[in-house]
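Raw upload.cif, mmCIF, C-alpha atoms and all ligand atoms:
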```
data_protein
loop_
_atom_site.group_PDB
_atom_site.id
_atom_site.type_symbol
_atom_site.label_atom_id
_atom_site.label_comp_id
_atom_site.auth_asym_id
_atom_site.auth_seq_id
_atom_site.Cartn_x
_atom_site.Cartn_y
_atom_site.Cartn_z
ATOM 1 C CA MET W 240 18.299 50.387 16.540
ATOM 2 C CA LYS W 241 17.476 50.532 12.856
ATOM 3 C CA ASN W 242 20.628 48.638 12.103
ATOM 4 C CA SER W 243 19.888 45.837 14.554
ATOM 5 C CA LYS W 244 16.379 45.416 13.089
ATOM 6 C CA THR W 245 17.799 45.236 9.588
ATOM 7 C CA ASN W 246 20.364 42.712 10.729
ATOM 8 C CA LYS W 247 17.660 40.579 12.317
ATOM 9 C CA GLU W 248 15.579 40.731 9.155
ATOM 10 C CA GLU W 249 18.596 39.870 7.076
ATOM 11 C CA ALA W 250 19.389 36.918 9.304
ATOM 12 C CA LYS W 251 15.778 35.756 9.134
ATOM 13 C CA SER W 252 15.669 35.979 5.351
ATOM 14 C CA LYS W 253 19.068 34.256 5.111
ATOM 15 C CA LYS W 254 17.767 31.411 7.286
ATOM 16 C CA ALA W 255 14.672 31.065 5.078
ATOM 17 C CA THR W 256 16.845 30.966 1.955
ATOM 18 C CA THR W 257 19.169 28.365 3.471
ATOM 19 C CA THR W 258 16.239 26.157 4.476
ATOM 20 C CA LYS W 259 14.686 26.437 1.049
ATOM 21 C CA SER W 260 17.926 25.580 -0.751
ATOM 22 C CA SER W 261 18.737 22.711 1.596
ATOM 23 C CA VAL W 262 15.300 21.225 0.913
ATOM 24 C CA ALA W 263 16.045 21.467 -2.812
ATOM 25 C CA GLU W 264 19.421 19.812 -2.216
ATOM 26 C CA ASP W 265 17.811 17.026 -0.213
ATOM 27 C CA LEU W 266 15.229 16.486 -2.936
ATOM 28 C CA ARG W 267 17.986 16.342 -5.545
ATOM 29 C CA GLU W 268 19.809 13.790 -3.424
ATOM 30 C CA LEU W 269 16.659 11.682 -3.136
ATOM 31 C CA PHE W 270 16.129 12.051 -6.890
ATOM 32 C CA VAL W 271 19.678 10.871 -7.691
ATOM 33 C CA ASP W 272 19.328 7.999 -5.240
ATOM 34 C CA SER W 273 16.078 6.875 -6.897
ATOM 35 C CA LEU W 274 17.742 7.105 -10.315
ATOM 36 C CA LYS W 275 20.556 4.795 -9.142
ATOM 37 C CA ASP W 276 17.949 2.424 -7.767
ATOM 38 C CA ILE W 277 15.932 2.200 -11.010
ATOM 39 C CA TYR W 278 19.183 1.988 -13.018
ATOM 40 C CA TRP W 279 20.000 -1.207 -11.090
ATOM 41 C CA ALA W 280 16.420 -2.439 -11.522
ATOM 42 C CA GLU W 281 16.381 -1.928 -15.312
ATOM 43 C CA LYS W 282 19.737 -3.646 -15.698
ATOM 44 C CA ALA W 283 18.507 -6.589 -13.616
ATOM 45 C CA LEU W 284 15.419 -6.778 -15.839
ATOM 46 C CA THR W 285 17.500 -7.079 -19.000
ATOM 47 C CA LYS W 286 18.695 -10.384 -17.509
ATOM 48 C CA ALA W 287 15.340 -11.519 -16.018
ATOM 49 C CA LEU W 288 13.024 -10.815 -18.990
ATOM 50 C CA PRO W 289 14.716 -13.288 -21.409
ATOM 51 C CA LYS W 290 14.438 -16.018 -18.740
ATOM 52 C CA MET W 291 10.726 -15.267 -18.332
ATOM 53 C CA ALA W 292 10.160 -15.312 -22.114
ATOM 54 C CA ASN W 293 12.033 -18.603 -22.281
ATOM 55 C CA LYS W 294 9.715 -20.234 -19.733
ATOM 56 C CA ALA W 295 6.484 -18.881 -21.276
ATOM 57 C CA THR W 296 4.204 -20.730 -23.723
ATOM 58 C CA SER W 297 1.761 -18.140 -25.098
ATOM 59 C CA THR W 298 3.138 -16.541 -28.285
ATOM 60 C CA LYS W 299 1.623 -13.175 -27.384
ATOM 61 C CA LEU W 300 3.231 -13.274 -23.952
ATOM 62 C CA ILE W 301 6.634 -14.277 -25.362
ATOM 63 C CA GLU W 302 6.450 -11.482 -27.949
ATOM 64 C CA GLY W 303 5.361 -8.988 -25.288
ATOM 65 C CA LEU W 304 8.264 -9.910 -23.000
ATOM 66 C CA GLU W 305 10.775 -9.832 -25.868
ATOM 67 C CA HIS W 306 9.485 -6.471 -27.061
ATOM 68 C CA HIS W 307 9.751 -5.096 -23.538
ATOM 69 C CA LEU W 308 13.311 -6.416 -23.296
ATOM 70 C CA THR W 309 14.253 -4.250 -26.293
ATOM 71 C CA GLU W 310 12.536 -1.283 -24.628
ATOM 72 C CA THR W 311 14.272 -1.989 -21.320
ATOM 73 C CA GLU W 312 17.688 -1.953 -22.995
ATOM 74 C CA GLU W 313 16.774 1.444 -24.414
ATOM 75 C CA GLN W 314 15.561 2.593 -20.968
ATOM 76 C CA VAL W 315 18.967 1.730 -19.481
ATOM 77 C CA LYS W 316 20.597 3.973 -22.113
ATOM 78 C CA ARG W 317 18.051 6.718 -21.389
ATOM 79 C CA LEU W 318 18.962 6.618 -17.693
ATOM 80 C CA ALA W 319 22.651 6.949 -18.586
ATOM 81 C CA GLU W 320 21.679 10.029 -20.605
ATOM 82 C CA VAL W 321 19.779 11.433 -17.599
ATOM 83 C CA PHE W 322 22.845 10.956 -15.364
ATOM 84 C CA SER W 323 24.990 12.796 -17.872
ATOM 85 C CA LEU W 324 22.462 15.663 -18.149
ATOM 86 C CA ILE W 325 22.475 16.232 -14.381
ATOM 87 C CA ASP W 326 26.254 15.784 -14.276
ATOM 88 C CA VAL W 327 26.266 12.752 -12.004
ATOM 89 C CA LYS W 328 28.298 9.608 -12.655
ATOM 90 C CA ALA W 329 25.947 6.809 -13.822
ATOM 91 C CA ARG W 330 26.011 4.295 -11.016
ATOM 92 C CA ALA W 331 23.588 1.510 -10.142
ATOM 93 C CA LYS W 332 22.564 0.921 -6.543
ATOM 94 C CA LYS W 333 20.976 -2.385 -5.610
ATOM 95 C CA CYS W 334 17.184 -2.088 -5.610
ATOM 96 C CA GLU W 335 15.877 -4.421 -2.902
ATOM 97 C CA ALA W 336 12.291 -4.154 -4.176
ATOM 98 C CA MET W 337 13.143 -5.215 -7.726
ATOM 99 C CA GLU W 338 15.405 -7.962 -6.442
ATOM 100 C CA GLY W 339 12.417 -9.304 -4.455
ATOM 101 C CA LEU W 340 10.049 -9.088 -7.432
ATOM 102 C CA ILE W 341 12.500 -10.949 -9.678
ATOM 103 C CA LYS W 342 12.998 -13.608 -7.002
ATOM 104 C CA GLU W 343 9.225 -14.037 -6.834
ATOM 105 C CA ALA W 344 9.060 -14.460 -10.624
ATOM 106 C CA LYS W 345 11.790 -17.112 -10.449
ATOM 107 C CA SER W 346 10.036 -19.080 -7.721
ATOM 108 C CA ILE W 347 6.714 -18.998 -9.645
ATOM 109 C CA MET W 348 8.474 -20.401 -12.721
ATOM 110 C CA LYS W 349 10.099 -23.084 -10.612
ATOM 111 C CA GLU W 350 6.878 -24.137 -8.887
ATOM 112 C CA THR W 351 4.647 -24.362 -11.985
ATOM 113 C CA ALA W 352 4.643 -26.682 -14.989
ATOM 114 C CA LYS W 353 5.102 -25.220 -18.465
ATOM 115 C CA GLY W 354 1.701 -24.078 -19.803
ATOM 116 C CA PRO W 355 -1.179 -21.710 -19.085
ATOM 117 C CA VAL W 356 -0.822 -21.651 -15.293
ATOM 118 C CA ARG W 357 2.892 -20.796 -15.497
ATOM 119 C CA ASP W 358 2.048 -18.155 -18.112
ATOM 120 C CA ALA W 359 -0.524 -16.648 -15.747
ATOM 121 C CA GLY W 360 2.122 -16.618 -12.992
ATOM 122 C CA ILE W 361 4.672 -14.962 -15.283
ATOM 123 C CA ILE W 362 2.115 -12.305 -16.243
ATOM 124 C CA ALA W 363 1.309 -11.645 -12.577
ATOM 125 C CA ALA W 364 5.011 -11.312 -11.706
ATOM 126 C CA ALA W 365 5.738 -9.110 -14.735
ATOM 127 C CA GLN W 366 2.806 -6.826 -13.928
ATOM 128 C CA LYS W 367 4.104 -6.330 -10.383
ATOM 129 C CA VAL W 368 7.417 -5.291 -11.936
ATOM 130 C CA GLU W 369 5.654 -2.878 -14.305
ATOM 131 C CA HIS W 370 3.594 -1.352 -11.503
ATOM 132 C CA TYR W 371 6.741 -0.804 -9.447
ATOM 133 C CA GLU W 372 8.360 0.890 -12.433
ATOM 134 C CA ILE W 373 5.273 3.010 -13.170
ATOM 135 C CA ALA W 374 5.272 4.250 -9.552
ATOM 136 C CA THR W 375 9.012 4.940 -9.664
ATOM 137 C CA TYR W 376 9.049 6.788 -12.996
ATOM 138 C CA GLY W 377 5.908 8.734 -12.039
ATOM 139 C CA THR W 378 7.741 9.981 -8.935
ATOM 140 C CA LEU W 379 10.955 10.667 -10.863
ATOM 141 C CA VAL W 380 9.107 12.773 -13.451
ATOM 142 C CA ALA W 381 7.482 14.810 -10.659
ATOM 143 C CA PHE W 382 10.835 15.257 -8.861
ATOM 144 C CA ALA W 383 12.587 16.312 -12.077
ATOM 145 C CA LYS W 384 9.881 18.923 -12.787
ATOM 146 C CA THR W 385 10.104 20.270 -9.222
ATOM 147 C CA LEU W 386 13.873 20.536 -9.584
ATOM 148 C CA GLY W 387 13.466 22.486 -12.834
ATOM 149 C CA GLU W 388 15.006 19.658 -14.884
ATOM 150 C CA ASP W 389 12.460 19.762 -17.707
ATOM 151 C CA ASP W 390 14.599 17.919 -20.282
ATOM 152 C CA VAL W 391 15.216 15.122 -17.797
ATOM 153 C CA ALA W 392 11.496 15.011 -16.928
ATOM 154 C CA ALA W 393 10.640 14.589 -20.640
ATOM 155 C CA ILE W 394 13.095 11.676 -21.037
ATOM 156 C CA LEU W 395 11.738 9.928 -17.939
ATOM 157 C CA ALA W 396 8.148 10.522 -19.106
ATOM 158 C CA THR W 397 8.942 8.618 -22.331
ATOM 159 C CA THR W 398 9.960 5.596 -20.269
ATOM 160 C CA LEU W 399 6.907 5.997 -18.028
ATOM 161 C CA GLU W 400 4.636 5.720 -21.094
ATOM 162 C CA GLU W 401 6.464 2.584 -22.268
ATOM 163 C CA GLU W 402 5.980 0.962 -18.865
ATOM 164 C CA LYS W 403 2.254 1.746 -18.959
ATOM 165 C CA THR W 404 1.926 0.235 -22.440
ATOM 166 C CA ALA W 405 3.879 -2.856 -21.345
ATOM 167 C CA ASP W 406 1.468 -3.272 -18.444
ATOM 168 C CA GLU W 407 -1.534 -3.041 -20.819
ATOM 169 C CA THR W 408 0.038 -5.581 -23.195
ATOM 170 C CA LEU W 409 0.486 -7.981 -20.292
ATOM 171 C CA SER W 410 -3.167 -7.489 -19.275
ATOM 172 C CA GLU W 411 -4.273 -8.275 -22.821
ATOM 173 C CA ALA W 412 -2.105 -11.393 -22.871
ATOM 174 C CA ALA W 413 -3.590 -12.441 -19.549
ATOM 175 C CA TYR W 414 -7.219 -12.004 -20.506
ATOM 176 C CA ASN W 415 -7.214 -12.838 -24.227
ATOM 177 C CA ASP W 416 -4.397 -15.180 -24.991
ATOM 178 C CA ILE W 417 -3.933 -17.570 -22.103
ATOM 179 C CA ASN W 418 -5.829 -20.727 -22.949
ATOM 180 C CA PHE W 419 -7.518 -22.349 -19.989
ATOM 181 C CA GLU W 420 -10.099 -24.043 -22.245
ATOM 182 C CA ALA W 421 -8.938 -27.611 -21.620
ATOM 183 C CA THR W 422 -9.484 -27.171 -17.903
ATOM 184 C CA ASP W 423 -12.830 -25.420 -18.452
ATOM 185 C CA ALA W 424 -14.104 -28.223 -20.709
ATOM 186 C CA GLU W 425 -13.275 -30.840 -18.088
ATOM 187 C CA GLU W 426 -15.024 -28.796 -15.427
ATOM 188 C CA ASP W 427 -18.112 -28.372 -17.644
ATOM 189 C CA GLU W 428 -18.295 -32.143 -18.169
ATOM 190 C CA ASN W 429 -18.062 -32.716 -14.449
ATOM 191 C CA GLU W 430 -20.764 -30.132 -13.774
ATOM 192 C CA GLU W 431 -23.061 -31.798 -16.327
ATOM 193 C CA GLU W 432 -22.517 -35.141 -14.679
ATOM 194 C CA ASP W 433 -23.276 -33.654 -11.274
ATOM 195 C CA GLU W 434 -26.558 -32.275 -12.608
ATOM 196 C CA LYS W 435 -27.720 -35.708 -13.875
HETATM 197 FE FE FE W 501 11.545 -0.534 -17.455
#
```

How does this structure look as structure tokens?
Ligand SMILES: [Fe+2]
Amino acid sequence: MKNSKTNKEEAKSKKATTTKSSVAEDLRELFVDSLKDIYWAEKALTKALPKMANKATSTKLIEGLEHHLTETEEQVKRLAEVFSLIDVKARAKKCEAMEGLIKEAKSIMKETAKGPVRDAGIIAAAQKVEHYEIATYGTLVAFAKTLGEDDVAAILATTLEEEKTADETLSEAAYNDINFEATDAEEDENEEEDEK
């Protein structure tokens, strides 16, 4: 009787352990999958950012995009380091979301003439990219911490901070450096005429 109770308890505790470890395994799998996804996304950005800088007019925006390209190249290397730390082969997996965001950026650049409106479109597209990356790295840092991968979490947090700064730089470019004055002046003249 005692034995059967012990056996039952043992079985119950074994089941609980198995469930707990399989959840951890599933989370690790999701974590690795997300890493492959962002690895693809960062690599795609190293090709897209120079094209965006090339089509931009505002000096501040061009500098911001070029600076973020340098950071992005470093972020790709950082991800390779993360893969090696968790003992997984560094492999990129196509990120449908980033592919869509880059396509959107391309179509904005195609549909606008060179100048402030195209710059505003480039900023909007680049900020969507940054927000996607901020969400992704925020999640990856949390996953890494949960999985007890503190070194990995610290590396990913460095990238997360860079993405946040890039987003702020783009906001500054959008609000302070894009010159819509010519259009405003024309509108003011028209308004004055309307008032007469
Ligand atoms: Fe990035």

Within 7 Å of ligand FE 501 (chain W): each chain W residue with its shortest pair, all atoms listed in the file, as CSV:
```
residue,atom,partner,partner_atom,distance
W:Glu281,CA,W:FE501,FE,5.5
W:Thr311,CA,W:FE501,FE,4.9
W:Gln314,CA,W:FE501,FE,6.2
W:Glu372,CA,W:FE501,FE,6.1
W:Thr398,CA,W:FE501,FE,6.9
W:Glu402,CA,W:FE501,FE,5.9
```

I need the chosen residues saved as a compact mmCIF listing (two decimals), in the frame of the given file, with C-alpha atoms.
```
# COMPACT_ATOMS: atom_id res chain seq x y z
CA GLU W 281 16.38 -1.93 -15.31
CA THR W 311 14.27 -1.99 -21.32
CA GLN W 314 15.56 2.59 -20.97
CA GLU W 372 8.36 0.89 -12.43
CA THR W 398 9.96 5.60 -20.27
CA GLU W 402 5.98 0.96 -18.86
```

Assuming the chain letters and numbering stay as they are in my file, what does the PyMOL selection byres (((chain W and resi 327-330) around 12) and not hetatm) actually select? List them as a ChimeraX atom specification. /W:267-268,270-280,282,315-326,331-333

Using Å and a single decimal, report how far atom CA of W:Lys345 sits from atom CA of W:Lys294.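 Between atom CA of W:Lys294 and atom CA of W:Lys345 the gap is 10.0 Å.
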
Could you tell me how far atom CA of W:Phe419 lies from atom CA of W:Ala364, in Å and to one decimal?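 Computing it gives 18.6 Å between the two atoms.
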
Please evaluate the PyMOL selection byres (((chain W and resi 296-299) around 12) and not hetatm) against the structure above and give the resulting residues as number ranges by chain. W: 291-295, 300-306, 348, 352-362, 408-419

Provide the atom CA of W:Ala405 to atom CA of W:Thr309 distance in Å, to one decimal place.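 Going from atom CA of W:Ala405 over to atom CA of W:Thr309, I get 11.6 Å.
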
Smallest atom-to-atom distance to W:Lys342: which of W:Leu269, W:Val380, W:Ala283, W:Leu308, using all atoms listed in the file? W:Ala283

Nearest to W:Leu266: which of W:Gln366, W:Leu288, W:Tyr371, W:Leu379 is it, counting only C-alpha atoms?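 With only C-alpha atoms as the atom set, the closest residue is W:Leu379.
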
Selected residue of minimal separation from W:Glu312 among W:Leu284, W:Ala383, W:Val368, W:Ala336, counting all atoms listed in the file: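 Checking each candidate against W:Glu312, we get W:Leu284 as the closest.
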
Among listed residues W:Ile373, W:Leu386, W:Ala287, W:Ala381, nearest W:Glu338 (using only C-alpha atoms): W:Ala287

Smallest atom-to-atom distance to W:Ala363: which of W:Ala396, W:Asp390, W:Asp406, W:Tyr376, using only C-alpha atoms?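 So, comparing all the options, the nearest one is W:Asp406.
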
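Using all atoms listed in the file, the shortest contact distance between W:Met337 and any of W:His307, W:Lys349, W:Lys259, W:His370 is found at W:His370.
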
Using 5 Å of padding on each side, determine the axis-aligned box around all atoms of stretch 385-401 of chain W present in the file and give its centre and edge lengths in Å to one decimal, as JSON.
```
{"center_x": 9.9, "center_y": 12.5, "center_z": -15.8, "size_x": 20.6, "size_y": 29.9, "size_z": 23.1}
```
